[in-house]
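Visitor: Okay, here's the structure, questions in a sec.
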Amino acid sequence: MKLALDIFLLATSLLLMLFILLHRGKGGGLSSLFGGGVQSSLSGSSVVERNLDRVTVVVAILWLIAIVAVGLLVRFG
């Protein structure tokens, strides 16, 4: 069980780092390398950016759950 949680924690950590780096900041970020550098004329964010935000939040929640689960397993396990 602990090994599975450790692998899940590692995978979610790597995914979370990747998704955070793909976000466009003030300087464009890594997302501009993949065609995200084109400015849209609309005032809102694009569909891709909104989906990236949603995926990042979901992965962050899964990462937080994995951290708590590993902590509980180490403490009581």
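Residue names in the structure tokens use chain letters A, B, ... in the order shown, residue numbers from 1 in each chain, and ligand numbers from 1 in the order shown.
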Need the shell around Leu5 in chain A: protein/DNA/RNA residues with any atom at most 8 Å away, counting only C-alpha atoms. Skip same-chain ones fewer than 4 positions apart. Format as a list of chain:residue names?
Guide: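 The contact residues come out as A:Met1, A:Leu9, A:Ala66, A:Ala69, A:Val70.
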Visitor: Need to verify the contact set: Ile20 in chain A, 12 Å, only C-alpha atoms, exclusion of same-chain residues closer than 2 positions in sequence. Can you return it as a list in words?
Guide: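 In the requested form, the answer reads Thr12, Ser13, Leu14, Leu15, Leu16, Met17, Leu18, Leu22, His23, Arg24, Gly25, Gly29, Leu30, Ser31, Glu49, Leu52, Asp53, Arg54, Val55, Thr56, Val57, Val59 and Ala60 of chain A.
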Visitor: In Å to one decimal, how far is CA of Leu21 in chain A from CA of Phe8 in chain A?
Guide: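 Going from CA of Phe8 in chain A over to CA of Leu21 in chain A, I get 20.0 Å.
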